[in-house]
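Single-structure report; data block below.
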Amino acid sequence: MSGGRCWRIAAASAPGTSHAKLGIPCQDAHVINLFPDRNGKNVLVAVVSDGAGSAAKAEVGSWLTCSSVAEAARAYLINGKVSDISRDVAQSWVAVVQQAVGMRAKEDNGVARDYACTMLVAIVGEDAAAFLQVGDGATVVSDDEGWCWVHWPQHGEFANMTNFVTEPNAEEKLAFDLCPRRIDEVAVFSDGIERLVLHESSKSVFDPFFDRMFPAVRSLDPDGLNCKLSASLEYYLNSKIINDKTDDDKTLVLATRRSPSPPEPVKQPTDAALKVD
């Protein structure tokens with residue numbers, strides 16, 4: 001059941017064990033904001049980017065991608081609304097990312113491929129949502145029958161291959177969808193946890209993971225990004241239970257505007273609330 005509350009959010013990125021062993025920093029990044037549209041309605045803007053392990057400055061590229069898209073969305077919403085976002089608008093945001101990366105590469109005497117990274121974007125308004133994707137990772141949303149993915153991860157012909165927003169043909173590779181309905185829960189994640197939450201053979205979502213993760217987020221008070229639960233989420237992404245299943249960097253954004261169901265006293269969630277089998 002939808003409630004009248006605004007978005008409550010937990011979000012975190014954590015380095016993979018393979019990166020830690022090599023002394024490589026976490027190359028994932030995320031930016032979460034609530035921006036008003038032209039009618040003053042709050043819009044959730046969630047951007048996740050995974051830097052390519054082979055790129056020399058992947059962590060810079062992923063941060064530039066997240067911050068550039070978030071700013072482009074903010075600027076658009078000043079005079080626009082989510083239901084008017086088109087593929088042309090989405091492609092213009094890809095161009096914004098490439099311009100930011102190009103400027104940084106010029107400053108660093110490098111090239112765009114040094115900043116190679118993916119891009120996942122969820123922009124969710126009152127009665128419509130826009131989703132953008134270049135590369136792997138995925139966005140899932142809840143509906144009356146459970147959880148469903150928006151775009152399946154983009155993988156190449158060989159293992160560990162994907163598309164990058166920094167590539168010249170990224171606008172052609174962009175997956176875009178405008179959903180003309182209200183969405184009250186969304187999760188965005190990088191490829192580091194794909195195997196934990198998606199069934200490759202059946203092209204479906206592993207519902208129990210999100211069924212276990214979201215109650216703690218629904219119970220948050222006040223609204224907005226919760227730093228304490230986000231810290232617990234980061235701890236969980238760094239835990240043995242996750243690292244035993246993946247050695248890659250991991251990012252997970254959980255956002256809801258549903259009220260707790262059934263109603264229960266609001267309490268500060270603990271680390272244990274974020275654990276799954």
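How things are named: the first chain in the structure tokens is A, the next is B, and so on; residues count from 1 in each chain; ligands count from 1 in the order shown.
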
Inset, instruction - Show which residues sit within 9 Å of A:Asp143, as a ChimeraX atom specification. Count only C-alpha atoms, and ignore same-chain residues fewer than 4 positions away. - result: /A:147-148,183-185

Resulting file, chosen residues, N, CA and C atoms, as an mmCIF file, in the first residue's frame:
```
data_model
loop_
_atom_site.group_PDB
_atom_site.id
_atom_site.type_symbol
_atom_site.label_atom_id
_atom_site.label_comp_id
_atom_site.auth_asym_id
_atom_site.auth_seq_id
_atom_site.Cartn_x
_atom_site.Cartn_y
_atom_site.Cartn_z
ATOM 1 N N TRP A 147 8.886 -8.254 -7.680
ATOM 2 C CA TRP A 147 9.947 -7.386 -8.188
ATOM 3 C C TRP A 147 10.233 -7.707 -9.649
ATOM 4 N N CYS A 148 10.502 -6.676 -10.430
ATOM 5 C CA CYS A 148 10.831 -6.889 -11.830
ATOM 6 C C CYS A 148 11.970 -5.966 -12.236
ATOM 7 N N ILE A 183 5.596 4.591 -9.191
ATOM 8 C CA ILE A 183 6.484 3.563 -8.656
ATOM 9 C C ILE A 183 6.897 3.990 -7.255
ATOM 10 N N ASP A 184 6.688 3.117 -6.287
ATOM 11 C CA ASP A 184 6.937 3.476 -4.893
ATOM 12 C C ASP A 184 8.178 2.841 -4.289
ATOM 13 N N GLU A 185 8.778 1.873 -4.978
ATOM 14 C CA GLU A 185 10.015 1.278 -4.479
ATOM 15 C C GLU A 185 10.940 0.968 -5.642
#
```

Legend entry - Long-range neighbours of A:Val197 as JSON, numbers by chain, 7 Å cut-off, only C-alpha atoms, 6 positions minimum in chain: {"A": [205, 206, 209]}

Inset, instruction - Check the smallest atom-to-atom distance from each of A:Ser86, A:Ser49, A:Ser232, A:Asn243 to A:Gly16 using only C-alpha atoms, then report the winner. - result: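 Ranked by minimum distance to A:Gly16, first place goes to A:Asn243.
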
Inset, instruction - Run DSSP on the backbone and give me the residues of stretch 6-170 of chain A it puts in strand (DSSP E or B), as a PyMOL selection string. - result: chain A and resi 8-14+28-36+42-51+117+119-124+129-134+138-143+146-149

Inset, instruction - Return the single residue from A:Pro168, A:Gly146, A:Pro222, A:Gly135 that is closest to A:Pro208, with distances computed using only C-alpha atoms. - result: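 Closest to A:Pro208, using only C-alpha atoms: A:Gly146.
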
Legend entry - Close residues, A:Val150 itself excluded, 10 Å, only C-alpha atoms, min 2 positions apart in chain, as a PyMOL selection string: chain A and resi 122+131-133+138-141+147-148+152-153+175-177+179

Go ahead and save the picked residues with N, CA and C atoms, as a compact mmCIF listing (two decimals), in the first residue's frame.
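Full text of out_6.txt as output:
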```
# COMPACT_ATOMS: atom_id res chain seq x y z
N ALA A 122 17.89 6.19 -12.31
CA ALA A 122 16.45 6.09 -12.04
C ALA A 122 15.96 7.46 -11.62
N PHE A 131 14.10 5.65 -16.80
CA PHE A 131 15.24 4.79 -16.48
C PHE A 131 16.22 4.79 -17.64
N LEU A 132 17.50 4.96 -17.32
CA LEU A 132 18.56 4.97 -18.31
C LEU A 132 19.61 3.94 -17.92
N GLN A 133 20.21 3.30 -18.91
CA GLN A 133 21.27 2.34 -18.61
C GLN A 133 22.22 2.19 -19.78
N ALA A 138 21.83 -3.26 -12.79
CA ALA A 138 20.42 -3.21 -13.14
C ALA A 138 19.64 -2.35 -12.15
N THR A 139 18.42 -2.03 -12.55
CA THR A 139 17.43 -1.37 -11.70
C THR A 139 16.23 -2.29 -11.60
N VAL A 140 15.72 -2.49 -10.38
CA VAL A 140 14.50 -3.27 -10.20
C VAL A 140 13.47 -2.42 -9.47
N VAL A 141 12.21 -2.68 -9.77
CA VAL A 141 11.11 -1.95 -9.13
C VAL A 141 10.08 -2.95 -8.65
N TRP A 147 8.89 -8.25 -7.68
CA TRP A 147 9.95 -7.39 -8.19
C TRP A 147 10.23 -7.71 -9.65
N CYS A 148 10.50 -6.68 -10.43
CA CYS A 148 10.83 -6.89 -11.83
C CYS A 148 11.97 -5.97 -12.24
N TRP A 152 17.70 -5.47 -18.57
CA TRP A 152 18.62 -6.55 -18.19
C TRP A 152 20.06 -6.05 -18.37
N PRO A 153 20.99 -6.49 -17.53
CA PRO A 153 22.39 -6.05 -17.66
C PRO A 153 22.94 -6.27 -19.06
N ALA A 175 20.02 2.16 -23.10
CA ALA A 175 18.68 1.60 -22.90
C ALA A 175 17.86 2.64 -22.15
N PHE A 176 16.70 2.98 -22.68
CA PHE A 176 15.86 4.02 -22.08
C PHE A 176 14.42 3.55 -22.01
N ASP A 177 13.78 3.86 -20.89
CA ASP A 177 12.37 3.50 -20.74
C ASP A 177 11.69 4.57 -19.90
N CYS A 179 8.30 5.04 -17.84
CA CYS A 179 7.19 4.28 -17.26
C CYS A 179 6.10 5.24 -16.79
```

Inset, instruction - Could you tell me which of A:Val121, A:Leu237, A:Leu22, A:Leu254 comes closest to A:Val217 if we count only C-alpha atoms? - result: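 Ranked by minimum distance to A:Val217, first place goes to A:Leu254.
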
Legend entry - Per-residue DSSP, stretch 180-259 of chain A, filtered to alpha helix (DSSP H), as JSON, numbers by chain: {"A": [194, 195, 196, 197, 207, 208, 209, 210, 211, 212, 213, 214, 215, 216, 217, 218, 227, 228, 229, 230, 231, 232, 233, 234, 235, 236, 237, 240, 241, 242, 243]}

Legend entry - For stretch 7-14 of chain A: contacts at 9 Å, only C-alpha atoms, fewer than 4 positions along chain excluded, given as a ChimeraX atom specification: /A:26-32,34,42-44,184-185,217-235,237-238,248-258

Could you save the residues just selected, with C-alpha atoms, as a PDB file, in the first residue's frame?
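So part_24.pdb came out as:
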```pdb
ATOM      1  CA  CYS A  26      36.565   1.255  -4.937  1.00  0.00           C
ATOM      2  CA  GLN A  27      35.703   2.180  -8.518  1.00  0.00           C
ATOM      3  CA  ASP A  28      31.939   2.261  -7.975  1.00  0.00           C
ATOM      4  CA  ALA A  29      30.144   5.531  -7.261  1.00  0.00           C
ATOM      5  CA  HIS A  30      26.599   6.662  -6.549  1.00  0.00           C
ATOM      6  CA  VAL A  31      24.747   9.948  -6.150  1.00  0.00           C
ATOM      7  CA  ILE A  32      21.262  10.207  -4.637  1.00  0.00           C
ATOM      8  CA  LEU A  34      15.640  14.641  -4.182  1.00  0.00           C
ATOM      9  CA  ASN A  42       9.828  15.845  -5.133  1.00  0.00           C
ATOM     10  CA  VAL A  43      11.631  13.661  -7.683  1.00  0.00           C
ATOM     11  CA  LEU A  44      14.046  10.894  -6.738  1.00  0.00           C
ATOM     12  CA  ASP A 184       6.937   3.476  -4.893  1.00  0.00           C
ATOM     13  CA  GLU A 185      10.015   1.278  -4.479  1.00  0.00           C
ATOM     14  CA  VAL A 217      14.124   1.236   4.776  1.00  0.00           C
ATOM     15  CA  ARG A 218      10.328   1.552   4.980  1.00  0.00           C
ATOM     16  CA  SER A 219      10.564   2.063   8.735  1.00  0.00           C
ATOM     17  CA  LEU A 220      12.987   4.974   8.526  1.00  0.00           C
ATOM     18  CA  ASP A 221      12.146   8.332  10.044  1.00  0.00           C
ATOM     19  CA  PRO A 222      12.719  11.074   8.958  1.00  0.00           C
ATOM     20  CA  ASP A 223      12.530  11.003   5.167  1.00  0.00           C
ATOM     21  CA  GLY A 224      15.570  11.351   2.906  1.00  0.00           C
ATOM     22  CA  LEU A 225      18.918   9.563   2.808  1.00  0.00           C
ATOM     23  CA  ASN A 226      19.557   7.878   6.149  1.00  0.00           C
ATOM     24  CA  CYS A 227      23.243   7.929   7.044  1.00  0.00           C
ATOM     25  CA  LYS A 228      23.035   5.329   9.812  1.00  0.00           C
ATOM     26  CA  LEU A 229      21.238   2.716   7.737  1.00  0.00           C
ATOM     27  CA  SER A 230      23.506   3.509   4.788  1.00  0.00           C
ATOM     28  CA  ALA A 231      26.507   2.777   7.019  1.00  0.00           C
ATOM     29  CA  SER A 232      24.902  -0.539   7.998  1.00  0.00           C
ATOM     30  CA  LEU A 233      24.335  -1.294   4.332  1.00  0.00           C
ATOM     31  CA  GLU A 234      27.997  -0.590   3.567  1.00  0.00           C
ATOM     32  CA  TYR A 235      28.991  -2.890   6.422  1.00  0.00           C
ATOM     33  CA  LEU A 237      28.212  -5.186   1.461  1.00  0.00           C
ATOM     34  CA  ASN A 238      31.659  -5.602   3.033  1.00  0.00           C
ATOM     35  CA  ASP A 248      33.980  -7.155  -7.173  1.00  0.00           C
ATOM     36  CA  ASP A 249      33.071  -3.631  -6.075  1.00  0.00           C
ATOM     37  CA  LYS A 250      29.425  -3.387  -5.021  1.00  0.00           C
ATOM     38  CA  THR A 251      26.870  -0.573  -4.953  1.00  0.00           C
ATOM     39  CA  LEU A 252      23.264  -0.828  -3.796  1.00  0.00           C
ATOM     40  CA  VAL A 253      20.641   1.921  -3.572  1.00  0.00           C
ATOM     41  CA  LEU A 254      17.325   1.167  -1.840  1.00  0.00           C
ATOM     42  CA  ALA A 255      14.552   3.786  -1.987  1.00  0.00           C
ATOM     43  CA  THR A 256      10.924   3.588  -0.896  1.00  0.00           C
ATOM     44  CA  ARG A 257       7.954   5.837  -0.232  1.00  0.00           C
ATOM     45  CA  ARG A 258       5.798   3.019   1.113  1.00  0.00           C
TER      46      ARG A 258
END
```

Inset, instruction - Tell me, in Å to one decimal, how far atom CA of A:Ile123 is from atom CA of A:Val45. - result: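 Atom CA of A:Val45 lies at a distance of 4.6 Å from atom CA of A:Ile123.
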
Legend entry - Nearest residue to A:Leu120 from the set A:Leu174, A:Ala56, A:Leu196, A:Val89 (distances using only C-alpha atoms): A:Leu174
